[in-house]
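K.L.:
If you scroll down you'll find the structure; I have some questions about it.
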Amino acid sequence: MTLWFIRGLRRGVVTTRYPARPDASGPSLPAPPAFRPQALTSHTADLLAAICPSGALRRDRGVLVYDVGRCTACGRCAAKAPHAVTRSCEFELATTDRSALIKEIPVREEAR
Amino acid sequence: MTAEELRETIARQFGRSLHIRTLDTGSCAVCEQEIRLLAAPHYDLNRLGFFFTPAPRHADLLLVTGPMIRAFAVAARKTYDAMPGPKIVVATGACALGGVYPDDAFTHGTVDAVLPVDVWIPGCPPSPLALLHGLGVAVGRLADKVRDLPFTEDRDPERTRGGS
């Protein structure tokens, strides 16, 4: 009992101060990916839309429609096209508007 | 918004505390594990005035996980109806937002199909910090900032490995 008390004093408060102050673990949490429009060609976008297992990525004319709410952060897009997909490091994604989670990523058309 | 302001908003709207009823509509239970961690010492949601309650009659906020299987839709509706107003429905996780299961003979695919959802928390599973942010958005409008996130990055792609 006494040893536990001393151990607690030595380690200090473990509780996060999160809403008031940022938590240290925030940037390292699993997060939906972000995309690099410079490197995202139409070919790559088609490929990513085809391999996305949760249907979060969909191709539309000239854009890649990205539903962040559907993304399970599985990382398959990042593994397939590491030059075009990057970490977003965002976890504060809660919203009162579902449509705010649907993003349109511009796609670079390639002449090929 | 600071924790103090959040606490004040809860106090104003819900009389000092907000009671959460969790509802599993067919999730894989990882969302439940993350929700359970909110009560652990590291996150300690009681410091913000949130409490878990086992009874929908005592709840102000319904934290729904899972893709809303059709067999559970009636029970989910009854749970919602049993809650006193004002009440908030929070859809939690990619399943509840339509990411994992389709709308078919077994699941509705999204929570929206059955309950009027007020706040959506993405993530598979959403981390406890994301859940805390979601609860903050639900009660105090803790900076609903996802609209302004572009999810694009314009840095030079040459800097990363892989090339093009």
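Ligands are numbered from 1 in the order shown, chains are lettered A, B, ... in the order of the structure tokens, and residues start at 1 in each chain.
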Can you tell me which residues surround Val89 of chain B at a distance of at most 7 Å, considering only C-alpha atoms, apart from same-chain residues fewer than 6 positions away, and format the answer as a ChimeraX atom specification?

P.N.:
/B:61-63,116-119

K.L.:
Quick one: which chain A residues come within 6 Å of chain B, and what is the nearest atom pair for each with the distance in Å to one decimal, counting only C-alpha atoms, rows ordered by chain and ascending number, as CSV?

P.N.:
residue,atom,partner,partner_atom,distance
A:Val14,CA,B:His42,CA,5.5
A:Thr15,CA,B:His42,CA,4.1
A:Thr16,CA,B:His42,CA,5.7
A:Pro19,CA,B:Ala3,CA,5.6
A:Ala20,CA,B:Thr2,CA,4.3
A:Ala34,CA,B:Phe151,CA,4.5
A:Phe35,CA,B:Thr152,CA,4.7
A:Arg36,CA,B:Glu153,CA,4.9
A:Ser54,CA,B:Gly99,CA,5.1
A:Gly69,CA,B:Pro122,CA,4.7
A:Arg70,CA,B:Gly99,CA,3.7
A:Thr72,CA,B:Cys124,CA,4.7
A:His83,CA,B:Gly162,CA,5.6
A:Phe91,CA,B:Ala130,CA,5.6
A:Glu92,CA,B:Ala130,CA,5.5
A:Leu93,CA,B:Val146,CA,5.3
A:Ala94,CA,B:Ile121,CA,4.3
A:Thr95,CA,B:Asp144,CA,5.4
A:Thr96,CA,B:Val119,CA,4.4
A:Ala100,CA,B:Arg147,CA,4.9

K.L.:
Find, counting only C-alpha atoms, the residue in B:Leu18, B:Phe51, B:Ile69, B:Ala29 that gets nearest to Ala105 of chain B.

P.N.:
B:Ile69

K.L.:
Between atom CA of Val63 of chain A and atom CA of Arg98 of chain A, what is the distance, to one decimal in Å?

P.N.:
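Atom-to-atom, atom CA of Val63 of chain A and atom CA of Arg98 of chain A are spaced 19.4 Å apart.
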
K.L.:
So which residues touch Ala59 of chain B within 12 Å, counting only C-alpha atoms, skipping near sequence neighbours fewer than 5 positions away, as a list in words?

P.N.:
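My list of contacting residues is Phe14, Ser17, Leu18, His19, Ile20, Arg21, Thr22, Leu23, Phe50, Phe51, Phe52, Thr53, Pro54, Thr79, Tyr80, Asp81, Ala82, Met83, Pro84, Gly85, Pro86, Lys87, Ile88 and Val89 of chain B.
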
K.L.:
Using the chain letters and numbers from this document, which residues of chain B does DSSP assign to helix (DSSP H, G or I), as an mmCIF file with C-alpha atoms, in the first residue's frame?

P.N.:
data_model
loop_
_atom_site.group_PDB
_atom_site.id
_atom_site.type_symbol
_atom_site.label_atom_id
_atom_site.label_comp_id
_atom_site.auth_asym_id
_atom_site.auth_seq_id
_atom_site.Cartn_x
_atom_site.Cartn_y
_atom_site.Cartn_z
ATOM 1 C CA ALA B 3 -12.288 21.938 -20.069
ATOM 2 C CA GLU B 4 -13.752 24.624 -17.823
ATOM 3 C CA GLU B 5 -15.946 26.011 -20.604
ATOM 4 C CA LEU B 6 -17.009 22.506 -21.579
ATOM 5 C CA ARG B 7 -18.007 21.826 -18.020
ATOM 6 C CA GLU B 8 -20.020 25.048 -17.937
ATOM 7 C CA THR B 9 -21.868 24.159 -21.137
ATOM 8 C CA ILE B 10 -22.783 20.749 -19.766
ATOM 9 C CA ALA B 11 -23.883 22.387 -16.538
ATOM 10 C CA ARG B 12 -26.099 24.819 -18.412
ATOM 11 C CA GLN B 13 -27.714 22.314 -20.758
ATOM 12 C CA PHE B 14 -27.829 19.170 -18.701
ATOM 13 C CA VAL B 30 -13.367 -2.687 -30.602
ATOM 14 C CA CYS B 31 -15.343 0.562 -30.436
ATOM 15 C CA GLU B 32 -16.629 -0.651 -27.057
ATOM 16 C CA GLN B 33 -13.068 -1.256 -25.897
ATOM 17 C CA GLU B 34 -12.148 2.312 -26.797
ATOM 18 C CA ILE B 35 -15.286 3.630 -25.085
ATOM 19 C CA ARG B 36 -14.422 1.611 -22.000
ATOM 20 C CA LEU B 37 -10.970 3.240 -21.970
ATOM 21 C CA LEU B 45 -14.185 11.267 -18.631
ATOM 22 C CA ASN B 46 -15.782 11.885 -15.228
ATOM 23 C CA ARG B 47 -13.517 14.944 -14.830
ATOM 24 C CA LEU B 48 -15.472 16.541 -17.701
ATOM 25 C CA PRO B 56 -31.664 4.716 -21.312
ATOM 26 C CA ARG B 57 -34.208 6.353 -18.983
ATOM 27 C CA HIS B 58 -31.289 8.071 -17.231
ATOM 28 C CA ARG B 70 -31.824 -5.160 -38.949
ATOM 29 C CA ALA B 71 -32.650 -7.494 -36.061
ATOM 30 C CA PHE B 72 -31.680 -4.709 -33.640
ATOM 31 C CA ALA B 73 -33.431 -1.773 -35.312
ATOM 32 C CA VAL B 74 -36.616 -2.078 -33.218
ATOM 33 C CA ALA B 75 -34.637 -2.279 -29.977
ATOM 34 C CA ALA B 76 -32.562 0.747 -31.013
ATOM 35 C CA ARG B 77 -35.713 2.724 -31.730
ATOM 36 C CA LYS B 78 -37.196 1.705 -28.374
ATOM 37 C CA THR B 79 -34.001 2.739 -26.603
ATOM 38 C CA TYR B 80 -34.146 6.124 -28.290
ATOM 39 C CA ASP B 81 -37.831 6.549 -27.418
ATOM 40 C CA ALA B 82 -37.170 5.624 -23.781
ATOM 41 C CA GLY B 93 -16.973 4.376 -35.780
ATOM 42 C CA ALA B 94 -16.720 3.617 -39.457
ATOM 43 C CA CYS B 95 -19.449 0.927 -39.265
ATOM 44 C CA ALA B 96 -21.996 3.393 -37.926
ATOM 45 C CA PRO B 128 -10.490 7.677 -26.806
ATOM 46 C CA LEU B 129 -9.210 11.159 -27.619
ATOM 47 C CA ALA B 130 -11.384 11.228 -30.738
ATOM 48 C CA LEU B 131 -14.335 10.103 -28.624
ATOM 49 C CA LEU B 132 -13.635 12.852 -26.088
ATOM 50 C CA HIS B 133 -13.539 15.377 -28.914
ATOM 51 C CA GLY B 134 -16.797 13.944 -30.250
ATOM 52 C CA LEU B 135 -18.478 14.251 -26.879
ATOM 53 C CA GLY B 136 -17.214 17.829 -26.707
ATOM 54 C CA VAL B 137 -18.675 18.549 -30.124
ATOM 55 C CA ALA B 138 -21.938 16.940 -29.025
ATOM 56 C CA VAL B 139 -22.439 19.119 -25.962
ATOM 57 C CA GLY B 140 -20.389 22.251 -26.256
ATOM 58 C CA VAL B 146 -13.339 18.801 -39.979
ATOM 59 C CA ARG B 147 -15.033 21.020 -42.566
ATOM 60 C CA ASP B 148 -11.882 23.098 -42.878
ATOM 61 C CA PRO B 157 6.484 14.600 -53.371
ATOM 62 C CA GLU B 158 10.218 14.208 -54.117
ATOM 63 C CA ARG B 159 10.925 14.383 -50.406
#

K.L.:
Can you tell me which residues surround Ala50 of chain A at a distance of at most 12 Å, considering only C-alpha atoms, apart from same-chain residues fewer than 4 positions away, and format the answer as a PyMOL selection string?

P.N.:
chain A and resi 43-46+54-59+64+76-77+80

K.L.:
Would you output that residue set with N, CA and C atoms, as a PDB file, in the first residue's frame?

P.N.:
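Contents of the output file result12.pdb:
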ATOM      1  N   HIS A  43      -4.573   7.815 -63.149  1.00  0.00           N
ATOM      2  CA  HIS A  43      -4.322   6.381 -63.088  1.00  0.00           C
ATOM      3  C   HIS A  43      -4.229   5.908 -61.635  1.00  0.00           C
ATOM      4  N   THR A  44      -3.459   6.639 -60.831  1.00  0.00           N
ATOM      5  CA  THR A  44      -3.327   6.282 -59.413  1.00  0.00           C
ATOM      6  C   THR A  44      -4.664   6.377 -58.706  1.00  0.00           C
ATOM      7  N   ALA A  45      -5.436   7.414 -59.024  1.00  0.00           N
ATOM      8  CA  ALA A  45      -6.733   7.591 -58.362  1.00  0.00           C
ATOM      9  C   ALA A  45      -7.670   6.438 -58.674  1.00  0.00           C
ATOM     10  N   ASP A  46      -7.676   5.987 -59.929  1.00  0.00           N
ATOM     11  CA  ASP A  46      -8.498   4.823 -60.295  1.00  0.00           C
ATOM     12  C   ASP A  46      -8.078   3.600 -59.499  1.00  0.00           C
ATOM     13  N   SER A  54     -13.364  -0.239 -47.992  1.00  0.00           N
ATOM     14  CA  SER A  54     -14.562   0.262 -47.320  1.00  0.00           C
ATOM     15  C   SER A  54     -15.331   1.256 -48.181  1.00  0.00           C
ATOM     16  N   GLY A  55     -14.923   1.426 -49.433  1.00  0.00           N
ATOM     17  CA  GLY A  55     -15.663   2.336 -50.303  1.00  0.00           C
ATOM     18  C   GLY A  55     -15.532   3.796 -49.916  1.00  0.00           C
ATOM     19  N   ALA A  56     -14.456   4.135 -49.210  1.00  0.00           N
ATOM     20  CA  ALA A  56     -14.269   5.531 -48.831  1.00  0.00           C
ATOM     21  C   ALA A  56     -13.779   6.361 -50.010  1.00  0.00           C
ATOM     22  N   LEU A  57     -13.145   5.723 -50.974  1.00  0.00           N
ATOM     23  CA  LEU A  57     -12.615   6.434 -52.133  1.00  0.00           C
ATOM     24  C   LEU A  57     -13.468   6.089 -53.350  1.00  0.00           C
ATOM     25  N   ARG A  58     -13.861   7.138 -54.080  1.00  0.00           N
ATOM     26  CA  ARG A  58     -14.694   6.930 -55.252  1.00  0.00           C
ATOM     27  C   ARG A  58     -14.228   7.920 -56.300  1.00  0.00           C
ATOM     28  N   ARG A  59     -14.238   7.503 -57.562  1.00  0.00           N
ATOM     29  CA  ARG A  59     -13.804   8.391 -58.630  1.00  0.00           C
ATOM     30  C   ARG A  59     -14.988   9.159 -59.180  1.00  0.00           C
ATOM     31  N   LEU A  64     -11.157  12.855 -56.846  1.00  0.00           N
ATOM     32  CA  LEU A  64     -11.272  11.623 -56.081  1.00  0.00           C
ATOM     33  C   LEU A  64     -12.156  11.956 -54.880  1.00  0.00           C
ATOM     34  N   ARG A  76      -4.151   0.580 -46.933  1.00  0.00           N
ATOM     35  CA  ARG A  76      -3.887  -0.079 -48.218  1.00  0.00           C
ATOM     36  C   ARG A  76      -3.543   0.930 -49.307  1.00  0.00           C
ATOM     37  N   CYS A  77      -4.171   2.114 -49.249  1.00  0.00           N
ATOM     38  CA  CYS A  77      -3.855   3.123 -50.261  1.00  0.00           C
ATOM     39  C   CYS A  77      -2.419   3.616 -50.086  1.00  0.00           C
ATOM     40  N   LYS A  80      -0.115   1.092 -51.463  1.00  0.00           N
ATOM     41  CA  LYS A  80      -0.160   0.978 -52.916  1.00  0.00           C
ATOM     42  C   LYS A  80       0.531   2.162 -53.593  1.00  0.00           C
TER      43      LYS A  80
END

K.L.:
Would you compute the distance between atom CA of Ala84 of chain A and atom CA of Glu104 of chain A? Give it in Å to one decimal.

P.N.:
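Atom CA of Glu104 of chain A lies at a distance of 14.9 Å from atom CA of Ala84 of chain A.
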
K.L.:
To one decimal place in Å, what is the distance between atom CA of Asp60 of chain B and atom CA of Leu101 of chain A?

P.N.:
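Between atom CA of Asp60 of chain B and atom CA of Leu101 of chain A the gap is 25.0 Å.
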